[in-house]
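Below: model08.pdb (PDB, C-alpha atoms)
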```
ATOM      1  CA  MET A 503       0.862 120.769   5.017  1.00  0.00           C
ATOM      2  CA  PRO A 504       3.145 117.829   4.397  1.00  0.00           C
ATOM      3  CA  ASP A 505       6.683 118.478   3.520  1.00  0.00           C
ATOM      4  CA  ASP A 506       7.204 117.097  -0.030  1.00  0.00           C
ATOM      5  CA  ASN A 507      10.736 117.610  -1.234  1.00  0.00           C
ATOM      6  CA  SER A 508      10.428 115.289  -4.241  1.00  0.00           C
ATOM      7  CA  ASP A 509      11.106 116.736  -7.622  1.00  0.00           C
ATOM      8  CA  PRO A 510       8.041 116.664  -9.904  1.00  0.00           C
ATOM      9  CA  ARG A 511      10.333 115.977 -12.898  1.00  0.00           C
ATOM     10  CA  GLU A 512      11.504 112.748 -11.318  1.00  0.00           C
ATOM     11  CA  ALA A 513       7.894 111.670 -10.888  1.00  0.00           C
ATOM     12  CA  ASN A 514       7.197 112.352 -14.537  1.00  0.00           C
ATOM     13  CA  GLU A 515      10.286 110.408 -15.614  1.00  0.00           C
ATOM     14  CA  ASP A 516       9.156 107.400 -13.597  1.00  0.00           C
ATOM     15  CA  GLN A 517       5.795 107.480 -15.253  1.00  0.00           C
ATOM     16  CA  ALA A 518       7.374 107.764 -18.718  1.00  0.00           C
ATOM     17  CA  LYS A 519       9.572 104.639 -18.319  1.00  0.00           C
ATOM     18  CA  PRO A 520       8.007 101.653 -20.169  1.00  0.00           C
ATOM     19  CA  ALA A 521       7.439  98.492 -18.294  1.00  0.00           C
ATOM     20  CA  SER A 522      10.294  96.045 -18.850  1.00  0.00           C
ATOM     21  CA  PRO A 523       9.224  92.844 -20.642  1.00  0.00           C
ATOM     22  CA  GLU A 524       9.164  89.666 -18.662  1.00  0.00           C
ATOM     23  CA  THR A 525      12.152  87.409 -19.167  1.00  0.00           C
ATOM     24  CA  PRO A 526      11.017  84.151 -20.750  1.00  0.00           C
ATOM     25  CA  GLY A 527      11.495  81.083 -18.696  1.00  0.00           C
ATOM     26  CA  PRO A 528      13.824  78.282 -19.680  1.00  0.00           C
ATOM     27  CA  THR A 529      10.978  76.199 -21.187  1.00  0.00           C
ATOM     28  CA  ASP A 530       9.826  78.943 -23.557  1.00  0.00           C
ATOM     29  CA  ALA A 531      13.399  79.661 -24.700  1.00  0.00           C
ATOM     30  CA  ASN A 532      14.057  76.015 -25.723  1.00  0.00           C
ATOM     31  CA  GLN A 533      10.769  75.226 -27.490  1.00  0.00           C
ATOM     32  CA  LYS A 534      11.601  76.949 -30.794  1.00  0.00           C
ATOM     33  CA  PRO A 535      15.135  75.478 -31.320  1.00  0.00           C
ATOM     34  CA  GLU A 536      13.853  71.974 -30.602  1.00  0.00           C
ATOM     35  CA  GLY A 537      11.001  72.425 -33.056  1.00  0.00           C
ATOM     36  CA  ASP A 538      13.401  73.678 -35.737  1.00  0.00           C
ATOM     37  CA  LEU A 539      15.697  70.689 -35.174  1.00  0.00           C
ATOM     38  CA  GLU A 540      12.861  68.191 -35.560  1.00  0.00           C
ATOM     39  CA  SER A 541      11.705  69.923 -38.729  1.00  0.00           C
ATOM     40  CA  LEU A 542      15.220  69.846 -40.187  1.00  0.00           C
ATOM     41  CA  LEU A 543      15.635  66.161 -39.335  1.00  0.00           C
ATOM     42  CA  ALA A 544      12.321  65.293 -40.988  1.00  0.00           C
ATOM     43  CA  GLU A 545      13.232  67.317 -44.067  1.00  0.00           C
ATOM     44  CA  ASN A 546      16.641  65.646 -44.233  1.00  0.00           C
ATOM     45  CA  ALA A 547      15.081  62.172 -44.000  1.00  0.00           C
ATOM     46  CA  ASP A 548      12.613  63.026 -46.768  1.00  0.00           C
ATOM     47  CA  MET A 549      15.365  64.351 -49.051  1.00  0.00           C
ATOM     48  CA  ARG A 550      17.506  61.283 -48.357  1.00  0.00           C
ATOM     49  CA  ASP A 551      14.588  58.989 -49.242  1.00  0.00           C
ATOM     50  CA  ARG A 552      14.007  60.891 -52.487  1.00  0.00           C
ATOM     51  CA  LEU A 553      17.685  60.699 -53.338  1.00  0.00           C
ATOM     52  CA  LEU A 554      17.800  56.930 -52.788  1.00  0.00           C
ATOM     53  CA  ARG A 555      14.695  56.446 -54.906  1.00  0.00           C
ATOM     54  CA  THR A 556      16.156  58.551 -57.698  1.00  0.00           C
ATOM     55  CA  MET A 557      19.416  56.611 -57.591  1.00  0.00           C
ATOM     56  CA  ALA A 558      17.517  53.309 -57.723  1.00  0.00           C
ATOM     57  CA  ASP A 559      15.457  54.518 -60.696  1.00  0.00           C
ATOM     58  CA  MET A 560      18.605  55.608 -62.526  1.00  0.00           C
ATOM     59  CA  GLU A 561      20.258  52.234 -61.893  1.00  0.00           C
ATOM     60  CA  ASN A 562      17.182  50.389 -63.187  1.00  0.00           C
ATOM     61  CA  LEU A 563      17.134  52.622 -66.250  1.00  0.00           C
ATOM     62  CA  ARG A 564      20.828  51.945 -66.891  1.00  0.00           C
ATOM     63  CA  ARG A 565      20.330  48.189 -66.627  1.00  0.00           C
ATOM     64  CA  ARG A 566      17.262  48.257 -68.870  1.00  0.00           C
ATOM     65  CA  THR A 567      19.112  50.333 -71.448  1.00  0.00           C
ATOM     66  CA  GLU A 568      22.063  47.952 -71.426  1.00  0.00           C
ATOM     67  CA  ARG A 569      19.742  44.960 -71.805  1.00  0.00           C
ATOM     68  CA  GLU A 570      17.880  46.575 -74.692  1.00  0.00           C
ATOM     69  CA  LYS A 571      21.182  47.445 -76.330  1.00  0.00           C
ATOM     70  CA  GLU A 572      22.392  43.851 -76.044  1.00  0.00           C
ATOM     71  CA  ASP A 573      19.095  42.482 -77.372  1.00  0.00           C
ATOM     72  CA  THR A 574      19.188  44.875 -80.309  1.00  0.00           C
ATOM     73  CA  ALA A 575      22.721  43.822 -81.207  1.00  0.00           C
ATOM     74  CA  ARG A 576      21.910  40.138 -80.761  1.00  0.00           C
ATOM     75  CA  TYR A 577      18.559  39.936 -82.523  1.00  0.00           C
ATOM     76  CA  ALA A 578      18.889  42.699 -85.121  1.00  0.00           C
ATOM     77  CA  ILE A 579      19.555  40.144 -87.861  1.00  0.00           C
ATOM     78  CA  SER A 580      16.591  37.916 -86.966  1.00  0.00           C
ATOM     79  CA  ASN A 581      14.532  38.806 -90.030  1.00  0.00           C
ATOM     80  CA  PHE A 582      17.520  38.510 -92.341  1.00  0.00           C
ATOM     81  CA  ALA A 583      18.574  35.198 -90.789  1.00  0.00           C
ATOM     82  CA  ARG A 584      15.028  33.847 -91.141  1.00  0.00           C
ATOM     83  CA  ASP A 585      15.121  34.637 -94.852  1.00  0.00           C
ATOM     84  CA  VAL A 586      18.541  33.005 -95.243  1.00  0.00           C
ATOM     85  CA  LEU A 587      17.140  29.793 -93.755  1.00  0.00           C
ATOM     86  CA  THR A 588      15.133  29.319 -96.942  1.00  0.00           C
ATOM     87  CA  LEU A 589      18.391  29.139 -98.864  1.00  0.00           C
ATOM     88  CA  GLY A 590      19.673  26.472 -96.485  1.00  0.00           C
ATOM     89  CA  ASP A 591      16.442  24.507 -96.901  1.00  0.00           C
ATOM     90  CA  ASN A 592      16.830  24.497-100.676  1.00  0.00           C
ATOM     91  CA  LEU A 593      20.415  23.267-100.426  1.00  0.00           C
ATOM     92  CA  ARG A 594      19.316  20.457 -98.132  1.00  0.00           C
ATOM     93  CA  ARG A 595      16.530  19.452-100.549  1.00  0.00           C
ATOM     94  CA  VAL A 596      19.036  19.215-103.400  1.00  0.00           C
ATOM     95  CA  ILE A 597      21.280  16.949-101.331  1.00  0.00           C
ATOM     96  CA  GLU A 598      18.425  14.690-100.208  1.00  0.00           C
ATOM     97  CA  HIS A 599      16.904  14.333-103.667  1.00  0.00           C
ATOM     98  CA  VAL A 600      20.070  13.047-105.341  1.00  0.00           C
ATOM     99  CA  PRO A 601      20.233   9.228-105.024  1.00  0.00           C
ATOM    100  CA  ALA A 602      23.472   7.997-103.514  1.00  0.00           C
ATOM    101  CA  ASP A 603      24.005   5.360-106.231  1.00  0.00           C
ATOM    102  CA  ALA A 604      23.481   7.954-108.962  1.00  0.00           C
ATOM    103  CA  ALA A 605      26.158  10.215-107.472  1.00  0.00           C
ATOM    104  CA  SER A 606      28.625   7.364-107.094  1.00  0.00           C
ATOM    105  CA  GLY A 607      28.153   6.353-110.739  1.00  0.00           C
ATOM    106  CA  ASP A 608      28.488   9.837-112.181  1.00  0.00           C
ATOM    107  CA  PRO A 609      31.690  11.773-111.300  1.00  0.00           C
ATOM    108  CA  ALA A 610      30.232  15.063-112.453  1.00  0.00           C
ATOM    109  CA  LEU A 611      27.100  14.636-110.340  1.00  0.00           C
ATOM    110  CA  LYS A 612      29.234  13.555-107.402  1.00  0.00           C
ATOM    111  CA  ASN A 613      31.369  16.698-107.633  1.00  0.00           C
ATOM    112  CA  PHE A 614      28.248  18.812-107.938  1.00  0.00           C
ATOM    113  CA  LEU A 615      26.745  17.197-104.834  1.00  0.00           C
ATOM    114  CA  GLU A 616      29.955  17.698-102.867  1.00  0.00           C
ATOM    115  CA  GLY A 617      29.924  21.366-103.842  1.00  0.00           C
ATOM    116  CA  VAL A 618      26.355  21.755-102.600  1.00  0.00           C
ATOM    117  CA  GLU A 619      27.235  20.058 -99.297  1.00  0.00           C
ATOM    118  CA  LEU A 620      30.240  22.337 -98.895  1.00  0.00           C
ATOM    119  CA  THR A 621      28.063  25.384 -99.557  1.00  0.00           C
ATOM    120  CA  GLU A 622      25.555  24.216 -96.936  1.00  0.00           C
ATOM    121  CA  ARG A 623      28.296  23.737 -94.339  1.00  0.00           C
ATOM    122  CA  GLU A 624      29.724  27.183 -95.025  1.00  0.00           C
ATOM    123  CA  LEU A 625      26.267  28.711 -94.726  1.00  0.00           C
ATOM    124  CA  LEU A 626      25.665  27.031 -91.361  1.00  0.00           C
ATOM    125  CA  ASN A 627      29.104  28.091 -90.108  1.00  0.00           C
ATOM    126  CA  MET A 628      28.450  31.671 -91.157  1.00  0.00           C
ATOM    127  CA  MET A 629      25.096  31.717 -89.402  1.00  0.00           C
ATOM    128  CA  GLU A 630      26.601  30.163 -86.269  1.00  0.00           C
ATOM    129  CA  LYS A 631      29.121  32.994 -86.072  1.00  0.00           C
ATOM    130  CA  HIS A 632      26.163  35.361 -85.799  1.00  0.00           C
ATOM    131  CA  GLY A 633      24.471  33.387 -83.034  1.00  0.00           C
ATOM    132  CA  VAL A 634      22.182  31.218 -85.181  1.00  0.00           C
ATOM    133  CA  ALA A 635      22.305  27.543 -84.190  1.00  0.00           C
ATOM    134  CA  LYS A 636      20.594  24.529 -85.737  1.00  0.00           C
ATOM    135  CA  LEU A 637      18.328  22.388 -83.569  1.00  0.00           C
ATOM    136  CA  GLU A 638      18.915  18.638 -83.489  1.00  0.00           C
ATOM    137  CA  PRO A 639      15.661  17.198 -82.103  1.00  0.00           C
ATOM    138  CA  LEU A 640      15.781  13.738 -83.734  1.00  0.00           C
ATOM    139  CA  GLY A 641      15.521  11.061 -81.038  1.00  0.00           C
ATOM    140  CA  GLN A 642      14.842  13.642 -78.329  1.00  0.00           C
ATOM    141  CA  ARG A 643      11.737  14.267 -76.253  1.00  0.00           C
ATOM    142  CA  PHE A 644       9.214  16.482 -78.031  1.00  0.00           C
ATOM    143  CA  ASP A 645       9.566  20.088 -76.867  1.00  0.00           C
ATOM    144  CA  PRO A 646       6.662  22.349 -77.886  1.00  0.00           C
ATOM    145  CA  ASN A 647       8.821  25.395 -77.212  1.00  0.00           C
ATOM    146  CA  GLN A 648      11.269  24.480 -79.993  1.00  0.00           C
ATOM    147  CA  GLN A 649       9.347  22.077 -82.209  1.00  0.00           C
ATOM    148  CA  GLN A 650       6.038  21.895 -84.032  1.00  0.00           C
ATOM    149  CA  ALA A 651       4.464  18.433 -84.267  1.00  0.00           C
ATOM    150  CA  MET A 652       3.034  17.816 -87.729  1.00  0.00           C
ATOM    151  CA  TYR A 653       1.717  14.302 -87.126  1.00  0.00           C
ATOM    152  CA  GLU A 654       2.125  11.268 -84.896  1.00  0.00           C
ATOM    153  CA  VAL A 655       3.705   7.944 -85.782  1.00  0.00           C
ATOM    154  CA  PRO A 656       2.471   4.802 -83.983  1.00  0.00           C
ATOM    155  CA  SER A 657       5.512   3.065 -82.551  1.00  0.00           C
ATOM    156  CA  THR A 658       6.278   0.829 -79.605  1.00  0.00           C
ATOM    157  CA  ASP A 659      10.042   0.868 -80.161  1.00  0.00           C
ATOM    158  CA  VAL A 660      10.689   4.293 -78.618  1.00  0.00           C
ATOM    159  CA  PRO A 661       9.193   6.112 -75.622  1.00  0.00           C
ATOM    160  CA  ASP A 662       5.962   7.959 -76.223  1.00  0.00           C
ATOM    161  CA  GLY A 663       6.518  11.557 -77.373  1.00  0.00           C
ATOM    162  CA  THR A 664       9.877  10.976 -79.067  1.00  0.00           C
ATOM    163  CA  VAL A 665      10.814  12.895 -82.207  1.00  0.00           C
ATOM    164  CA  VAL A 666      11.198  10.213 -84.896  1.00  0.00           C
ATOM    165  CA  GLU A 667      11.397  12.390 -88.023  1.00  0.00           C
ATOM    166  CA  VAL A 668      12.383  15.962 -88.868  1.00  0.00           C
ATOM    167  CA  MET A 669      10.668  17.438 -91.939  1.00  0.00           C
ATOM    168  CA  GLN A 670      12.196  20.896 -91.581  1.00  0.00           C
ATOM    169  CA  ALA A 671      15.143  21.920 -89.451  1.00  0.00           C
ATOM    170  CA  GLY A 672      14.658  24.398 -86.643  1.00  0.00           C
ATOM    171  CA  TYR A 673      17.012  27.165 -85.537  1.00  0.00           C
ATOM    172  CA  THR A 674      17.618  29.383 -82.542  1.00  0.00           C
ATOM    173  CA  ILE A 675      19.229  32.796 -82.294  1.00  0.00           C
ATOM    174  CA  GLY A 676      20.670  33.543 -78.886  1.00  0.00           C
ATOM    175  CA  ASP A 677      18.165  32.153 -76.410  1.00  0.00           C
ATOM    176  CA  ARG A 678      15.164  32.608 -78.725  1.00  0.00           C
ATOM    177  CA  VAL A 679      13.644  30.259 -81.261  1.00  0.00           C
ATOM    178  CA  LEU A 680      14.186  31.683 -84.727  1.00  0.00           C
ATOM    179  CA  ARG A 681      12.151  28.953 -86.391  1.00  0.00           C
ATOM    180  CA  PRO A 682      10.652  25.829 -84.779  1.00  0.00           C
ATOM    181  CA  ALA A 683      11.510  22.451 -86.235  1.00  0.00           C
ATOM    182  CA  LEU A 684       8.711  20.586 -88.019  1.00  0.00           C
ATOM    183  CA  VAL A 685       8.723  17.064 -86.629  1.00  0.00           C
ATOM    184  CA  ALA A 686       6.839  13.779 -86.377  1.00  0.00           C
ATOM    185  CA  VAL A 687       6.336  12.356 -82.893  1.00  0.00           C
ATOM    186  CA  SER A 688       5.946   8.756 -81.750  1.00  0.00           C
ATOM    187  CA  LYS A 689       2.745   7.543 -80.159  1.00  0.00           C
ATOM    188  CA  GLY A 690       1.849   4.374 -78.312  1.00  0.00           C
ATOM    189  CA  GLY A 691       5.258   3.540 -76.899  1.00  0.00           C
ATOM    190  CA  PRO A 692       6.238   3.170 -73.247  1.00  0.00           C
ATOM    191  CA  LYS A 693       6.029   6.176 -70.995  1.00  0.00           C
ATOM    192  CA  PRO A 694       9.337   8.066 -70.813  1.00  0.00           C
ATOM    193  CA  ALA A 695      11.375   7.060 -67.784  1.00  0.00           C
ATOM    194  CA  ALA A 696      12.125  10.737 -67.191  1.00  0.00           C
ATOM    195  CA  GLN A 697       8.632  11.126 -65.734  1.00  0.00           C
ATOM    196  CA  THR A 698       9.759   9.105 -62.728  1.00  0.00           C
ATOM    197  CA  ALA A 699      13.536   9.520 -62.750  1.00  0.00           C
ATOM    198  CA  GLU A 700      15.590  12.157 -64.529  1.00  0.00           C
ATOM    199  CA  GLY A 701      18.401  11.102 -66.828  1.00  0.00           C
ATOM    200  CA  ASP A 702      17.497   7.416 -67.288  1.00  0.00           C
ATOM    201  CA  ASP A 703      17.194   7.801 -71.064  1.00  0.00           C
ATOM    202  CA  GLY A 704      18.284  11.392 -71.634  1.00  0.00           C
ATOM    203  CA  PHE A 705      14.849  12.998 -71.451  1.00  0.00           C
ATOM    204  CA  ALA A 706      14.124  16.009 -69.315  1.00  0.00           C
ATOM    205  CA  PRO A 707      11.311  15.460 -66.760  1.00  0.00           C
ATOM    206  CA  ASP A 708       8.334  17.190 -68.319  1.00  0.00           C
ATOM    207  CA  PRO A 709       5.126  15.138 -67.994  1.00  0.00           C
ATOM    208  CA  ALA A 710       3.132  17.842 -69.803  1.00  0.00           C
ATOM    209  CA  ALA A 711       5.385  17.939 -72.862  1.00  0.00           C
ATOM    210  CA  ASN A 712       2.923  15.936 -75.000  1.00  0.00           C
ATOM    211  CA  ASP A 713      -0.064  18.114 -74.224  1.00  0.00           C
ATOM    212  CA  ASP A 714       0.391  20.060 -77.456  1.00  0.00           C
ATOM    213  CA  LEU A 715       0.555  17.020 -79.713  1.00  0.00           C
ATOM    214  CA  PRO A 716      -2.108  17.019 -82.449  1.00  0.00           C
ATOM    215  CA  ASP A 717      -4.782  14.357 -82.576  1.00  0.00           C
ATOM    216  CA  GLY A 718      -4.284  12.258 -85.661  1.00  0.00           C
ATOM    217  CA  GLY A 719      -2.645  13.789 -88.685  1.00  0.00           C
ATOM    218  CA  ASP A 720      -3.983  17.350 -88.368  1.00  0.00           C
TER     219      ASP A 720
END
```

Is it possible to express this structure as structure tokens?
Amino acid sequence: MPDDNSDPREANEDQAKPASPETPGPTDANQKPEGDLESLLAENADMRDRLLRTMADMENLRRRTEREKEDTARYAISNFARDVLTLGDNLRRVIEHVPADAASGDPALKNFLEGVELTERELLNMMEKHGVAKLEPLGQRFDPNQQQAMYEVPSTDVPDGTVVEVMQAGYTIGDRVLRPALVAVSKGGPKPAAQTAEGDDGFAPDPAANDDLPDGGD
């Protein structure tokens, strides 16, 4: 019978010991930190992109608000100014309908006419302080953006498309047309030199400027 001096308790203790887990290799240990780093970098890039977009949107909103505020302050009186123009038109009609010889022969009528002219000048100065300016298209190239052609006048003395008469004055407020000028435009004259060379006779090069002229007296 073999001699077995081993202690049975030691054998039981060996059986009771759990198997030690395997130590992960260097590759397994580094996979998770690298994955977390890539995820954090991607999240950071996404948040940075969102932040830049939000900042750009806020800047655009600020600029739009400032522009709307300036436009409101500049054009708030447009309707009022348009109504005041009627008063200026009536003053101009009074001045134009008084014959010069009648005013010179009647001191009272002359003083009255001078008072009307002074009132008109003060009205124009007041409107100019608020950004309303009078257009002076007489002798200039017809501009459909600022003028409305009422009829055409056959003439060979001035270049074709020249404003030869102003029936009603036009006005601008800021960079907008408050009221277009009602004008008569020449027809049948030489072609404006500005179509071939700018500045020869003061016209801006715009070969399509006469496209909106009416046919005949319509």

Inset, instruction - Would you mind reading off the distance between atom CA of A:Arg678 and atom CA of A:Gln642, one decimal, in Å? - result: 19.0 Å

Please give the centre and size of the box around stretch 671-686 of chain A (axis-aligned, containing every atom listed in the file, 3 Å added per side), with values in Å to one decimal and written as JSON.
```
{"center_x": 13.8, "center_y": 23.7, "center_z": -82.9, "size_x": 19.8, "size_y": 25.8, "size_z": 19.0}
```

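You can rank A:Gly663, A:Gly590, A:Gly633, A:Pro639 by their closest distance to A:Tyr577 using all atoms listed in the file, and at the top of that list sits A:Gly633.
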
Legend entry - Contacts of A:Val685 at 7 Å (all atoms listed in the file; same-chain gap of 6+ positions) as a PyMOL selection string: chain A and resi 649-652+665+667-669

Legend entry - d(atom CA of A:Val679, atom CA of A:Pro661) in Å: 25.2 Å

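The two atoms in question, atom CA of A:Met549 and atom CA of A:Glu568, are spaced 28.5 Å apart.
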
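For the structure shown here, the set of residues caught by the PyMOL selection byres ((chain A and resi 693) around 6) is Pro661, Asp662, Pro692 and Pro694 of chain A.
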
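Nearest to A:Arg623 of all the residues A:Ala695, A:Glu536, A:Leu593, A:Val600 is A:Leu593, based on only C-alpha atoms.
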
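Of the listed residues A:Gly537, A:Gly617, A:Gly676, A:Pro682, the one whose atoms come nearest to A:Ile597 is A:Gly617, with distances taken using all atoms listed in the file.
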
Inset, instruction - For A:Leu625, list every protein, DNA or RNA residue within 9 Å, evaluated using all atoms listed in the file, and leave out those in the same chain fewer than 3 positions away; present the list as a PyMOL selection string. - result: chain A and resi 586+589-590+620-622+628-630

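Non-sequential neighbours of A:Ala605 (distance at most 9 Å, separation of 6 or more positions within a chain, all atoms listed in the file) are A:Leu611, A:Lys612, A:Asn613, A:Phe614, A:Leu615.
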
Under the PyMOL selection byres ((chain A and resi 576) around 12), which residues of this model are included? Write them out as a CSV table (one decimal) with C-alpha atoms, in the frame of the given file.
```csv
chain,number,residue,atom,x,y,z
A,569,ARG,CA,19.7,45.0,-71.8
A,570,GLU,CA,17.9,46.6,-74.7
A,571,LYS,CA,21.2,47.4,-76.3
A,572,GLU,CA,22.4,43.9,-76.0
A,573,ASP,CA,19.1,42.5,-77.4
A,574,THR,CA,19.2,44.9,-80.3
A,575,ALA,CA,22.7,43.8,-81.2
A,577,TYR,CA,18.6,39.9,-82.5
A,578,ALA,CA,18.9,42.7,-85.1
A,579,ILE,CA,19.6,40.1,-87.9
A,580,SER,CA,16.6,37.9,-87.0
A,581,ASN,CA,14.5,38.8,-90.0
A,583,ALA,CA,18.6,35.2,-90.8
A,631,LYS,CA,29.1,33.0,-86.1
A,632,HIS,CA,26.2,35.4,-85.8
A,633,GLY,CA,24.5,33.4,-83.0
A,634,VAL,CA,22.2,31.2,-85.2
A,674,THR,CA,17.6,29.4,-82.5
A,675,ILE,CA,19.2,32.8,-82.3
A,676,GLY,CA,20.7,33.5,-78.9
A,677,ASP,CA,18.2,32.2,-76.4
A,678,ARG,CA,15.2,32.6,-78.7
```

Inset, instruction - Could you check which of A:Lys689, A:Arg555, A:Arg681, A:Arg550 is closest to A:Ala635, using only C-alpha atoms? - result: A:Arg681

Legend entry - Hits from the PyMOL selection byres ((chain A and resi 656) around 8), listed as a VMD selection string: chain A and resid 654 to 655 657 to 658 688 to 691
